[in-house]
Structures are given as structure tokens and as C-alpha cells.
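Containing mmCIF, C-alpha atoms: start.cif.
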```
data_coords
#
loop_
_atom_site.group_PDB
_atom_site.id
_atom_site.type_symbol
_atom_site.label_atom_id
_atom_site.label_comp_id
_atom_site.auth_asym_id
_atom_site.auth_seq_id
_atom_site.Cartn_x
_atom_site.Cartn_y
_atom_site.Cartn_z
ATOM 1 C CA MET A 1377 61.840 -152.391 26.982
ATOM 2 C CA HIS A 1378 62.649 -150.513 30.154
ATOM 3 C CA SER A 1379 60.377 -152.710 32.271
ATOM 4 C CA MET A 1380 61.856 -155.899 30.774
ATOM 5 C CA ARG A 1381 65.337 -154.714 31.746
ATOM 6 C CA ALA A 1382 64.127 -153.993 35.267
ATOM 7 C CA LEU A 1383 62.571 -157.457 35.506
ATOM 8 C CA ALA A 1384 65.796 -159.058 34.308
ATOM 9 C CA GLY A 1385 67.681 -157.169 37.013
ATOM 10 C CA LEU A 1386 65.206 -158.346 39.609
ATOM 11 C CA VAL A 1387 65.497 -162.005 38.597
ATOM 12 C CA LEU A 1388 69.282 -161.783 38.390
ATOM 13 C CA GLY A 1389 69.535 -160.201 41.826
ATOM 14 C CA LEU A 1390 67.278 -162.797 43.434
ATOM 15 C CA ALA A 1391 69.229 -165.599 41.727
ATOM 16 C CA LEU A 1392 72.486 -164.100 43.045
ATOM 17 C CA MET A 1393 71.123 -164.089 46.584
ATOM 18 C CA VAL A 1394 69.901 -167.687 46.321
ATOM 19 C CA VAL A 1395 73.212 -168.892 44.846
ATOM 20 C CA ALA A 1396 75.197 -167.044 47.495
ATOM 21 C CA SER A 1397 73.169 -168.517 50.321
ATOM 22 C CA LEU A 1398 73.522 -171.990 48.777
ATOM 23 C CA LEU A 1399 77.292 -171.496 48.595
ATOM 24 C CA GLU A 1400 77.197 -170.468 52.224
ATOM 25 C CA GLY A 1401 75.481 -173.770 52.997
ATOM 26 C CA ALA A 1402 71.909 -172.637 53.597
ATOM 27 C CA ASN A 1403 69.102 -175.169 53.406
ATOM 28 C CA LEU A 1404 66.491 -173.636 51.114
ATOM 29 C CA ARG A 1405 63.803 -176.093 52.200
ATOM 30 C CA ALA A 1406 64.180 -174.830 55.757
ATOM 31 C CA LEU A 1407 63.583 -171.304 54.545
ATOM 32 C CA PHE A 1408 60.118 -172.139 53.197
ATOM 33 C CA PHE A 1409 57.296 -172.035 55.734
ATOM 34 C CA LEU A 1410 53.784 -172.011 54.332
ATOM 35 C CA PRO A 1411 51.927 -170.244 57.193
ATOM 36 C CA ALA A 1412 54.342 -167.303 57.056
ATOM 37 C CA ALA A 1413 54.004 -167.093 53.278
ATOM 38 C CA ILE A 1414 50.205 -167.142 53.584
ATOM 39 C CA VAL A 1415 50.208 -164.356 56.180
ATOM 40 C CA VAL A 1416 52.414 -162.131 54.033
ATOM 41 C CA GLY A 1417 50.619 -162.866 50.756
ATOM 42 C CA ALA A 1418 47.190 -162.348 52.270
ATOM 43 C CA GLY A 1419 48.443 -159.137 53.857
ATOM 44 C CA ALA A 1420 49.555 -157.704 50.536
ATOM 45 C CA VAL A 1421 46.326 -158.737 48.810
ATOM 46 C CA ALA A 1422 44.160 -157.431 51.669
ATOM 47 C CA ALA A 1423 45.910 -154.048 51.731
ATOM 48 C CA VAL A 1424 45.392 -153.651 47.988
ATOM 49 C CA VAL A 1425 41.752 -154.779 48.155
ATOM 50 C CA ILE A 1426 41.004 -152.298 50.943
ATOM 51 C CA ALA A 1427 42.883 -149.432 49.317
ATOM 52 C CA PHE A 1428 41.885 -149.610 45.648
ATOM 53 C CA PRO A 1429 38.851 -150.477 43.522
ATOM 54 C CA LEU A 1430 39.211 -153.946 42.063
ATOM 55 C CA ALA A 1431 39.857 -152.772 38.489
ATOM 56 C CA THR A 1432 42.994 -150.927 39.611
ATOM 57 C CA CYS A 1433 45.001 -154.149 39.960
ATOM 58 C CA GLY A 1434 44.941 -154.956 36.263
ATOM 59 C CA GLU A 1435 45.336 -151.300 35.310
ATOM 60 C CA SER A 1436 48.437 -150.967 37.476
ATOM 61 C CA LEU A 1437 50.080 -154.050 36.007
ATOM 62 C CA ARG A 1438 49.315 -152.765 32.515
ATOM 63 C CA ALA A 1439 50.682 -149.331 33.405
ATOM 64 C CA VAL A 1440 54.000 -150.846 34.495
ATOM 65 C CA PHE A 1441 54.488 -153.504 31.829
ATOM 66 C CA GLY A 1442 52.535 -152.025 28.942
ATOM 67 C CA ASN A 1443 53.742 -149.285 26.643
ATOM 68 C CA SER A 1444 50.808 -146.890 26.628
ATOM 69 C CA ALA A 1445 50.304 -145.741 30.181
ATOM 70 C CA GLU A 1446 48.848 -142.333 30.921
ATOM 71 C CA ARG A 1447 50.678 -140.270 33.486
ATOM 72 C CA GLY A 1448 47.849 -140.578 35.998
ATOM 73 C CA ASP A 1449 47.766 -144.342 35.565
ATOM 74 C CA ALA A 1450 51.493 -144.594 36.192
ATOM 75 C CA ARG A 1451 51.181 -142.470 39.333
ATOM 76 C CA ARG A 1452 48.366 -144.668 40.561
ATOM 77 C CA ALA A 1453 50.374 -147.810 39.788
ATOM 78 C CA GLN A 1454 53.208 -146.390 41.890
ATOM 79 C CA ARG A 1455 50.857 -145.930 44.856
ATOM 80 C CA PHE A 1456 49.345 -149.359 44.203
ATOM 81 C CA PHE A 1457 52.668 -151.176 44.514
ATOM 82 C CA ALA A 1458 53.737 -149.041 47.452
ATOM 83 C CA VAL A 1459 50.532 -149.969 49.309
ATOM 84 C CA ALA A 1460 50.976 -153.662 48.453
ATOM 85 C CA GLY A 1461 54.566 -153.619 49.717
ATOM 86 C CA ARG A 1462 53.636 -151.877 52.924
ATOM 87 C CA GLY A 1463 50.826 -154.394 53.459
ATOM 88 C CA ALA A 1464 53.292 -157.268 53.065
ATOM 89 C CA LEU A 1465 55.741 -155.615 55.479
ATOM 90 C CA LEU A 1466 53.141 -154.929 58.159
ATOM 91 C CA SER A 1467 51.542 -158.363 57.921
ATOM 92 C CA GLY A 1468 55.031 -159.809 58.271
ATOM 93 C CA PHE A 1469 55.363 -157.983 61.569
ATOM 94 C CA LEU A 1470 51.911 -159.282 62.562
ATOM 95 C CA GLY A 1471 53.019 -162.845 61.842
ATOM 96 C CA ALA A 1472 56.100 -162.221 63.956
ATOM 97 C CA LEU A 1473 53.921 -161.124 66.851
ATOM 98 C CA LEU A 1474 51.732 -164.223 66.474
ATOM 99 C CA GLY A 1475 54.825 -166.421 66.625
ATOM 100 C CA ALA A 1476 56.097 -164.562 69.676
ATOM 101 C CA VAL A 1477 52.748 -164.950 71.467
ATOM 102 C CA HIS A 1478 52.829 -168.672 70.721
ATOM 103 C CA ILE A 1479 56.349 -168.999 72.123
ATOM 104 C CA PHE A 1480 55.530 -167.152 75.309
ATOM 105 C CA GLN A 1481 52.291 -169.085 75.801
ATOM 106 C CA ASN A 1482 54.174 -172.385 75.683
ATOM 107 C CA PHE A 1483 57.194 -171.230 77.574
ATOM 108 C CA ASP A 1484 57.607 -174.509 79.440
ATOM 109 C CA ARG A 1485 57.222 -176.736 76.368
ATOM 110 C CA PRO A 1486 60.376 -176.677 74.216
ATOM 111 C CA GLU A 1487 58.700 -178.463 71.285
ATOM 112 C CA ALA A 1488 56.386 -175.485 70.699
ATOM 113 C CA ILE A 1489 59.268 -173.072 70.273
ATOM 114 C CA GLY A 1490 60.400 -174.291 66.853
ATOM 115 C CA PRO A 1491 57.196 -173.476 64.889
ATOM 116 C CA GLY A 1492 56.830 -170.223 66.821
ATOM 117 C CA VAL A 1493 60.302 -169.023 65.919
ATOM 118 C CA ALA A 1494 59.797 -170.157 62.330
ATOM 119 C CA LEU A 1495 56.596 -168.143 61.999
ATOM 120 C CA ALA A 1496 58.093 -165.112 63.749
ATOM 121 C CA LEU A 1497 61.360 -164.826 61.850
ATOM 122 C CA LEU A 1498 60.271 -166.097 58.443
ATOM 123 C CA SER A 1499 57.232 -163.851 58.209
ATOM 124 C CA ILE A 1500 59.450 -160.850 58.958
ATOM 125 C CA ALA A 1501 61.849 -162.065 56.271
ATOM 126 C CA TYR A 1502 59.099 -162.692 53.722
ATOM 127 C CA GLY A 1503 57.393 -159.378 54.386
ATOM 128 C CA PHE A 1504 60.631 -157.443 54.171
ATOM 129 C CA GLY A 1505 61.741 -159.330 51.071
ATOM 130 C CA ALA A 1506 58.410 -158.908 49.280
ATOM 131 C CA ASN A 1507 58.502 -155.192 50.040
ATOM 132 C CA VAL A 1508 62.119 -154.496 49.156
ATOM 133 C CA PHE A 1509 62.679 -156.892 46.270
ATOM 134 C CA LEU A 1510 59.241 -156.979 44.632
ATOM 135 C CA ALA A 1511 56.956 -154.077 45.497
ATOM 136 C CA GLN A 1512 59.486 -151.250 45.706
ATOM 137 C CA PRO A 1513 61.132 -152.011 42.326
ATOM 138 C CA LEU A 1514 57.706 -152.143 40.666
ATOM 139 C CA ALA A 1515 56.691 -148.889 42.368
ATOM 140 C CA SER A 1516 59.822 -147.096 41.252
ATOM 141 C CA LEU A 1517 59.371 -148.498 37.756
ATOM 142 C CA ALA A 1518 55.921 -146.933 37.671
ATOM 143 C CA ARG A 1519 57.391 -143.703 39.019
ATOM 144 C CA GLY A 1520 59.940 -143.673 36.225
ATOM 145 C CA LYS A 1521 57.162 -144.121 33.677
ATOM 146 C CA ALA A 1522 55.199 -141.236 35.173
ATOM 147 C CA LYS A 1523 58.308 -139.014 35.017
ATOM 148 C CA ALA A 1524 59.006 -140.032 31.407
ATOM 149 C CA ARG A 1525 55.474 -139.019 30.437
ATOM 150 C CA THR A 1526 55.949 -135.657 32.069
ATOM 151 C CA ALA A 1527 59.294 -135.016 30.390
ATOM 152 C CA GLY A 1528 58.246 -136.253 26.970
ATOM 153 C CA GLY A 1529 55.211 -134.028 26.785
ATOM 154 C CA ALA A 1530 52.931 -136.209 24.681
ATOM 155 C CA PRO A 1531 51.157 -138.858 26.778
ATOM 156 C CA MET B 1130 34.723 -141.243 43.241
ATOM 157 C CA SER B 1131 32.656 -143.280 40.783
ATOM 158 C CA GLU B 1132 32.447 -146.417 42.865
ATOM 159 C CA PRO B 1133 29.241 -146.833 44.958
ATOM 160 C CA ILE B 1134 29.789 -146.883 48.695
ATOM 161 C CA SER B 1135 28.387 -150.399 49.106
ATOM 162 C CA THR B 1136 31.186 -151.791 46.908
ATOM 163 C CA GLY B 1137 33.685 -149.930 49.039
ATOM 164 C CA VAL B 1138 32.283 -151.404 52.245
ATOM 165 C CA VAL B 1139 32.393 -154.896 50.729
ATOM 166 C CA ARG B 1140 36.037 -154.337 49.757
ATOM 167 C CA LEU B 1141 36.874 -153.111 53.249
ATOM 168 C CA LEU B 1142 35.181 -156.014 55.021
ATOM 169 C CA GLY B 1143 36.527 -158.564 52.552
ATOM 170 C CA GLY B 1144 40.091 -157.330 52.887
ATOM 171 C CA ALA B 1145 39.945 -157.221 56.678
ATOM 172 C CA LEU B 1146 38.413 -160.713 56.823
ATOM 173 C CA LEU B 1147 41.057 -162.092 54.447
ATOM 174 C CA PHE B 1148 43.809 -160.612 56.604
ATOM 175 C CA LEU B 1149 42.312 -161.959 59.843
ATOM 176 C CA ALA B 1150 41.639 -165.388 58.315
ATOM 177 C CA ALA B 1151 45.259 -165.691 57.174
ATOM 178 C CA ALA B 1152 46.526 -164.673 60.610
ATOM 179 C CA ILE B 1153 44.207 -167.145 62.358
ATOM 180 C CA TYR B 1154 45.180 -169.919 59.944
ATOM 181 C CA ALA B 1155 48.881 -169.337 60.551
ATOM 182 C CA TYR B 1156 48.456 -169.167 64.302
ATOM 183 C CA SER B 1157 46.410 -172.345 64.532
ATOM 184 C CA SER B 1158 48.642 -174.209 62.081
ATOM 185 C CA ILE B 1159 51.633 -173.839 64.401
ATOM 186 C CA GLY B 1160 49.469 -175.276 67.169
ATOM 187 C CA GLY B 1161 48.465 -172.059 68.894
ATOM 188 C CA ASP B 1162 45.482 -171.697 71.186
ATOM 189 C CA LEU B 1163 43.018 -169.257 69.594
ATOM 190 C CA ALA B 1164 41.200 -168.494 72.842
ATOM 191 C CA ALA B 1165 44.441 -167.055 74.187
ATOM 192 C CA LEU B 1166 44.295 -164.276 71.593
ATOM 193 C CA ALA B 1167 41.142 -162.681 73.036
ATOM 194 C CA TYR B 1168 41.705 -160.093 75.733
ATOM 195 C CA PRO B 1169 38.947 -157.445 75.832
ATOM 196 C CA ASN B 1170 40.592 -155.056 78.313
ATOM 197 C CA MET B 1171 43.594 -154.510 76.101
ATOM 198 C CA ALA B 1172 41.381 -154.276 73.007
ATOM 199 C CA LEU B 1173 39.611 -151.372 74.735
ATOM 200 C CA LEU B 1174 42.955 -149.748 75.509
ATOM 201 C CA VAL B 1175 44.066 -150.009 71.879
ATOM 202 C CA ALA B 1176 40.732 -148.679 70.613
ATOM 203 C CA GLY B 1177 41.304 -145.649 72.832
ATOM 204 C CA GLY B 1178 44.239 -144.531 70.704
ATOM 205 C CA PRO B 1179 42.367 -143.734 67.464
ATOM 206 C CA VAL B 1180 39.349 -142.467 69.423
ATOM 207 C CA ALA B 1181 41.595 -139.942 71.168
ATOM 208 C CA MET B 1182 43.166 -138.977 67.846
ATOM 209 C CA LEU B 1183 39.714 -138.249 66.406
ATOM 210 C CA ALA B 1184 39.715 -135.032 68.417
ATOM 211 C CA SER B 1185 42.481 -133.548 66.298
ATOM 212 C CA SER B 1186 42.430 -135.369 62.964
ATOM 213 C CA ARG B 1187 40.199 -137.558 60.871
ATOM 214 C CA ALA B 1188 42.878 -138.753 58.453
ATOM 215 C CA TRP B 1189 42.940 -142.554 58.421
ATOM 216 C CA THR B 1190 46.706 -142.913 58.513
ATOM 217 C CA ARG B 1191 46.921 -140.670 61.570
ATOM 218 C CA LEU B 1192 44.300 -142.801 63.287
ATOM 219 C CA GLY B 1193 46.382 -145.852 62.417
ATOM 220 C CA ASN B 1194 49.491 -144.247 63.882
ATOM 221 C CA ALA B 1195 47.547 -143.424 67.041
ATOM 222 C CA SER B 1196 46.464 -147.035 67.417
ATOM 223 C CA LEU B 1197 50.103 -148.119 67.029
ATOM 224 C CA GLY B 1198 51.040 -145.763 69.845
ATOM 225 C CA ALA B 1199 48.249 -147.173 71.990
ATOM 226 C CA GLY B 1200 49.534 -150.665 71.223
ATOM 227 C CA VAL B 1201 53.015 -149.831 72.480
ATOM 228 C CA LEU B 1202 51.448 -148.252 75.564
ATOM 229 C CA GLY B 1203 49.426 -151.426 76.169
ATOM 230 C CA PHE B 1204 52.609 -153.487 75.800
ATOM 231 C CA VAL B 1205 54.319 -151.424 78.490
ATOM 232 C CA VAL B 1206 51.243 -151.606 80.742
ATOM 233 C CA GLY B 1207 51.149 -155.383 80.287
ATOM 234 C CA LEU B 1208 54.856 -155.729 81.089
ATOM 235 C CA VAL B 1209 54.444 -153.664 84.261
ATOM 236 C CA HIS B 1210 51.542 -155.930 85.189
ATOM 237 C CA VAL B 1211 53.819 -158.943 84.718
ATOM 238 C CA MET B 1212 56.485 -157.401 86.935
ATOM 239 C CA GLU B 1213 53.928 -156.720 89.666
ATOM 240 C CA ASN B 1214 52.572 -160.281 89.674
ATOM 241 C CA LEU B 1215 55.808 -162.186 89.159
ATOM 242 C CA ASP B 1216 55.087 -164.562 92.024
ATOM 243 C CA LYS B 1217 51.457 -165.266 91.093
ATOM 244 C CA LEU B 1218 51.850 -166.089 87.406
ATOM 245 C CA PRO B 1219 52.351 -169.729 86.375
ATOM 246 C CA THR B 1220 55.248 -168.721 84.108
ATOM 247 C CA ILE B 1221 56.702 -165.395 83.049
ATOM 248 C CA GLY B 1222 55.948 -166.426 79.482
ATOM 249 C CA ALA B 1223 52.181 -166.434 79.953
ATOM 250 C CA GLY B 1224 52.310 -162.872 81.245
ATOM 251 C CA VAL B 1225 54.504 -161.634 78.399
ATOM 252 C CA ALA B 1226 52.198 -163.347 75.882
ATOM 253 C CA VAL B 1227 49.294 -161.333 77.263
ATOM 254 C CA ALA B 1228 51.403 -158.172 77.189
ATOM 255 C CA LEU B 1229 52.059 -158.723 73.468
ATOM 256 C CA LEU B 1230 48.336 -158.884 72.623
ATOM 257 C CA PRO B 1231 47.680 -155.102 72.541
ATOM 258 C CA MET B 1232 50.456 -154.754 69.973
ATOM 259 C CA LEU B 1233 48.786 -157.479 67.929
ATOM 260 C CA TYR B 1234 45.451 -155.626 68.022
ATOM 261 C CA SER B 1235 47.084 -152.333 67.142
ATOM 262 C CA PHE B 1236 48.850 -153.893 64.143
ATOM 263 C CA VAL B 1237 45.530 -155.119 62.765
ATOM 264 C CA LEU B 1238 43.912 -151.699 63.290
ATOM 265 C CA ALA B 1239 46.865 -149.841 61.793
ATOM 266 C CA PHE B 1240 46.958 -152.204 58.829
ATOM 267 C CA VAL B 1241 43.326 -151.573 57.908
ATOM 268 C CA MET B 1242 43.463 -147.836 58.615
ATOM 269 C CA GLY B 1243 46.733 -147.361 56.772
ATOM 270 C CA ALA B 1244 45.386 -149.192 53.725
ATOM 271 C CA LEU B 1245 42.245 -147.062 53.788
ATOM 272 C CA GLY B 1246 44.205 -143.847 54.085
ATOM 273 C CA SER B 1247 46.887 -144.452 51.475
ATOM 274 C CA GLY B 1248 44.589 -145.880 48.823
ATOM 275 C CA GLU B 1249 42.596 -144.330 46.051
ATOM 276 C CA ARG B 1250 40.126 -141.595 46.773
ATOM 277 C CA THR B 1251 36.680 -143.202 46.895
ATOM 278 C CA ARG B 1252 33.401 -142.563 48.644
ATOM 279 C CA LEU B 1253 34.523 -144.998 51.308
ATOM 280 C CA ASN B 1254 37.431 -143.029 52.733
ATOM 281 C CA GLY B 1255 36.146 -139.689 51.442
ATOM 282 C CA LYS B 1256 39.398 -137.790 51.576
ATOM 283 C CA ASN B 1257 40.445 -134.904 49.398
ATOM 284 C CA ARG B 1258 44.047 -135.778 48.608
ATOM 285 C CA PRO B 1259 46.368 -138.736 49.178
ATOM 286 C CA GLU B 1260 47.537 -138.964 52.743
ATOM 287 C CA LYS B 1261 51.036 -139.546 53.948
ATOM 288 C CA ALA B 1262 51.973 -143.167 54.481
ATOM 289 C CA VAL B 1263 51.899 -144.770 57.906
ATOM 290 C CA ASP B 1264 55.061 -143.895 59.799
ATOM 291 C CA LEU B 1265 57.181 -147.022 60.063
ATOM 292 C CA ALA B 1266 59.279 -145.907 63.024
ATOM 293 C CA PRO B 1267 56.951 -147.425 65.655
ATOM 294 C CA TYR B 1268 57.075 -150.713 63.795
ATOM 295 C CA ALA B 1269 60.835 -150.702 63.764
ATOM 296 C CA LEU B 1270 60.883 -149.883 67.478
ATOM 297 C CA THR B 1271 58.395 -152.569 68.467
ATOM 298 C CA ALA B 1272 59.952 -155.140 66.168
ATOM 299 C CA THR B 1273 63.381 -154.590 67.681
ATOM 300 C CA THR B 1274 61.985 -154.682 71.197
ATOM 301 C CA PHE B 1275 60.237 -157.959 70.866
ATOM 302 C CA LEU B 1276 62.960 -159.556 68.790
ATOM 303 C CA LEU B 1277 65.218 -158.909 71.761
ATOM 304 C CA LEU B 1278 62.578 -160.427 74.031
ATOM 305 C CA LEU B 1279 62.288 -163.377 71.682
ATOM 306 C CA THR B 1280 66.018 -163.970 71.758
ATOM 307 C CA PHE B 1281 66.074 -163.919 75.535
ATOM 308 C CA ALA B 1282 63.077 -166.244 75.672
ATOM 309 C CA VAL B 1283 64.686 -168.783 73.368
ATOM 310 C CA LEU B 1284 67.977 -168.673 75.255
ATOM 311 C CA TYR B 1285 66.140 -169.067 78.551
ATOM 312 C CA ALA B 1286 64.035 -171.966 77.310
ATOM 313 C CA LEU B 1287 67.025 -173.756 75.786
ATOM 314 C CA LYS B 1288 69.034 -173.367 78.952
ATOM 315 C CA ARG B 1289 66.455 -175.231 81.012
#
```
Since I need it in another form, could you write the structure as C-alpha cells?
Amino acid sequence: MHSMRALAGLVLGLALMVVASLLEGANLRALFFLPAAIVVGAGAVAAVVIAFPLATCGESLRAVFGNSAERGDARRAQRFFAVAGRGALLSGFLGALLGAVHIFQNFDRPEAIGPGVALALLSIAYGFGANVFLAQPLASLARGKAKARTAGGAP
Amino acid sequence: MSEPISTGVVRLLGGALLFLAAAIYAYSSIGGDLAALAYPNMALLVAGGPVAMLASSRAWTRLGNASLGAGVLGFVVGLVHVMENLDKLPTIGAGVAVALLPMLYSFVLAFVMGALGSGERTRLNGKNRPEKAVDLAPYALTATTFLLLLTFAVLYALKR
């Protein structure tokens, strides 16, 4: 029940941000840039693949959304989502650097600047957003579950 | 520690390859020149950071932090190089692009090392307890620095 409430909060918050930016006049299609999304998504997946054995992914999701998580599982799920979020954040910065290199390489060609800036700024935004709005809430949810197990006594 | 080491190595290589493939895809899809990303001198400089850190610590996240520091150092070295050769370079931009490469290399190194260090204890990373996470302060510093540079670059290019 707790995790469902947290998910509802997450969806509501994201919807609020989207509605507010639409009211402000933002163009949502301009905010989607596939290369930046691929860099950030692959970064999160790669960090998790390097850091944890493959079975941990499913176990972590179960620990957060299921009802019967052991304390150790919840702790591990917390680290899992923290690592995924940090991977997304850092790969966002990497995408930003790639965009910056592209801009500086083509300094005398104005038509190259647009894609470069898009990759640079949007991958920072995606990485930061994935970390703050997706990975950190899940990690703190898992942390809450681990604490509840400790306080309740029975696992 | 139940996982065999070969599985761990496959995970490490697979994750690193996935990360690099995504970066290369993104860079080439905006029309970038891949050959411009290779710069062995600066790669050596960045590799020096974790190698120097090996003397005092073998924790993966510390090695990652050291490579970040080496990346910032390489950035400064590259910028000084640009300043020295201002009249010989075709554009300032080409020089700054080269100066950004060590930071790129150090981000890749720090990404892999940080993921190794903050993950689960396996035979692959062989550590005794979870390490502290990679310190994000250098990232914040470098990100701010080159966002400023980026802003100036865009303003300069638009003005011409």
C-alpha cells in the first residue's frame, strides 16, 4: 500500500510539472531528443549491470513493490536504485561533454550548434530528472521498507 | 560472493561496452566526427590519476575520484595549451574541443569504477564492505565550468 501511494505521488508530481510547463508555453516535442535519452538510459542500465549480479534487478523491484521483502533485500534494493540513479546522472554529464565537444569542433559552422546544444543540455536534464524523480524516490522507498522491518521485529 | 568471476568479468565488459556504444551512437547521430574523440596523450594523463591513487588506496570509488581529478587537470592543461597557441590554431573552438577530451575520458573511467565500487560485493570487485559513493563535487564543478564555456561559445557563434 505504501509503495502504491509513493507511486501515485510520483505520477502526480510529474504530471504537475508537465502541466505547468505547458501552461508556461513549453513545446514538449522540443524537449524530447532520442540520442540524449539513449545515453542516459544506457548509462543507468550499464551502471546496474556492472554493479550487481543480474538477478538483483528483479529482486530489487520485488523488494520495493512486493509485500514480503527481507531487510537485507530492502537494503540492497536501496543501493540498487541509488547506483542506477547515479549512473543516469553521470552519463548525462558525459552526454553534455559530447555535445560540447561537437560544438567546439564545428565552431565556424552554425548549423552544427543546434544538435550539439540539444545533446548537451537535454542529457543533463534527463540524467538529473531520472536521478531525482525516479531513482531517488525508489531508493528511499526501499530504505523505508528496510527501516520498517527493523522496527517491526518480525521480517 | 557466490557468482563465478567469469560472470563478473562478462558483466563488467558488457556494461562498459553498452555505455560506450550509447555514447558513440549519440555522438555520431548529431553528426560528430568520431576520429576527433581519440587523443592518446590525454588518455595517458587521465590514466595517471588512478595509477597514482593506487599507491594509497585500492578502493574502486577512490580510483574513480582520482581519475576525475586527473580529468580536470587535463582540461586545465589543454586550455593552457590553447592559450599558448592562439595564433596557430585554425579556430579557438578546435583547441577547446581537444581540451575537453580528458574530462570525457575521466568520466568514462569514473563511471565504470564508481559502479564497480558501489555495487554488490562479488569476486569481481573483491571488497569487504560497501564503499562510499563517488563524490559528486568534481562533477558539479566541471559541469558548471563547461556550461559557462558553452554559453560563451554559443553567444560568440551567434554574434558572427
Interface list for chain A, partner chain B, 8 Å threshold, all atoms listed in the file, as a ChimeraX atom specification: /A:1411-1412,1414-1415,1418-1419,1421-1429,1452,1455-1456,1459,1463,1466-1467,1469-1471,1473-1484,1486,1488-1489,1491-1492,1495
Atom CA of A:Ala1511 to atom CA of A:Ala1460, distance in Å rounded to a single decimal: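 One can read the atom CA of A:Ala1511 to atom CA of A:Ala1460 distance as 6.7 Å.
For the choices A:Pro1513, A:Asp1449, A:Phe1504, A:Arg1519, the atom-to-atom distance to A:Arg1381 is smallest for A:Pro1513 when using only C-alpha atoms.
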For A:Val1508: contacts at 10 Å, all atoms listed in the file, fewer than 5 positions along chain excluded, given as a ChimeraX atom specification: /A:1461-1462,1465,1502-1503,1513-1514
Atomic distance atom CA of A:Ala1384 - atom CA of A:Ala1518, expressed in Å with one decimal: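 Atom CA of A:Ala1518 lies at a distance of 16.0 Å from atom CA of A:Ala1384.
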Atom CA of A:Leu1497 to atom CA of B:Ala1167, straight-line distance in Å: 23.2 Å
Proximity to B:Gly1207 - best of B:Met1171, B:Ala1181, B:Leu1192, B:Ile1134, all atoms listed in the file: B:Met1171
Selection result of the PyMOL selection byres ((chain B and resi 1182) around 10) on this file, as a PyMOL selection string: chain B and resi 1177-1181+1183-1188+1191-1196
Non-local contacts of A:Leu1437 (12 Å; only C-alpha atoms; under 3 positions in same chain excluded) as a list in words: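 Close residues of A:Leu1437: Ser1379, Ala1431, Thr1432, Cys1433, Gly1434, Val1440, Phe1441, Gly1442, Asn1443, Ser1444, Ala1445, Asp1449, Ala1450, Arg1452, Ala1453, Gln1454, Phe1456, Phe1457, Ala1511, Leu1514, Ala1515, Leu1517 and Ala1518 of chain A.
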Dump as a PDB file, in the frame of the given file, selection limited to C-alpha atoms:
```pdb
ATOM      1  CA  SER A1379      60.377-152.710  32.271  1.00  0.00           C
ATOM      2  CA  ALA A1431      39.857-152.772  38.489  1.00  0.00           C
ATOM      3  CA  THR A1432      42.994-150.927  39.611  1.00  0.00           C
ATOM      4  CA  CYS A1433      45.001-154.149  39.960  1.00  0.00           C
ATOM      5  CA  GLY A1434      44.941-154.956  36.263  1.00  0.00           C
ATOM      6  CA  VAL A1440      54.000-150.846  34.495  1.00  0.00           C
ATOM      7  CA  PHE A1441      54.488-153.504  31.829  1.00  0.00           C
ATOM      8  CA  GLY A1442      52.535-152.025  28.942  1.00  0.00           C
ATOM      9  CA  ASN A1443      53.742-149.285  26.643  1.00  0.00           C
ATOM     10  CA  SER A1444      50.808-146.890  26.628  1.00  0.00           C
ATOM     11  CA  ALA A1445      50.304-145.741  30.181  1.00  0.00           C
ATOM     12  CA  ASP A1449      47.766-144.342  35.565  1.00  0.00           C
ATOM     13  CA  ALA A1450      51.493-144.594  36.192  1.00  0.00           C
ATOM     14  CA  ARG A1452      48.366-144.668  40.561  1.00  0.00           C
ATOM     15  CA  ALA A1453      50.374-147.810  39.788  1.00  0.00           C
ATOM     16  CA  GLN A1454      53.208-146.390  41.890  1.00  0.00           C
ATOM     17  CA  PHE A1456      49.345-149.359  44.203  1.00  0.00           C
ATOM     18  CA  PHE A1457      52.668-151.176  44.514  1.00  0.00           C
ATOM     19  CA  ALA A1511      56.956-154.077  45.497  1.00  0.00           C
ATOM     20  CA  LEU A1514      57.706-152.143  40.666  1.00  0.00           C
ATOM     21  CA  ALA A1515      56.691-148.889  42.368  1.00  0.00           C
ATOM     22  CA  LEU A1517      59.371-148.498  37.756  1.00  0.00           C
ATOM     23  CA  ALA A1518      55.921-146.933  37.671  1.00  0.00           C
TER      24      ALA A1518
END
```
Env of A:Met1393: 12 Å cut, atoms = all atoms listed in the file, seq-sep filter 5 positions within chain, self excluded. Answer as a PDB file with C-alpha atoms, keeping the file's coordinate frame.
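Result saved to selection-v2.pdb:
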```
ATOM      1  CA  LEU A1386      65.206-158.346  39.609  1.00  0.00           C
ATOM      2  CA  VAL A1387      65.497-162.005  38.597  1.00  0.00           C
ATOM      3  CA  LEU A1388      69.282-161.783  38.390  1.00  0.00           C
ATOM      4  CA  LEU A1398      73.522-171.990  48.777  1.00  0.00           C
ATOM      5  CA  LEU A1399      77.292-171.496  48.595  1.00  0.00           C
ATOM      6  CA  GLU A1400      77.197-170.468  52.224  1.00  0.00           C
ATOM      7  CA  ALA A1402      71.909-172.637  53.597  1.00  0.00           C
ATOM      8  CA  LEU A1404      66.491-173.636  51.114  1.00  0.00           C
ATOM      9  CA  GLY A1505      61.741-159.330  51.071  1.00  0.00           C
ATOM     10  CA  PHE A1509      62.679-156.892  46.270  1.00  0.00           C
TER      11      PHE A1509
END
```
Counting all atoms listed in the file, the option among B:Val1175, B:Phe1281, B:Thr1274, B:Pro1169 closest to B:Gly1203: B:Val1175
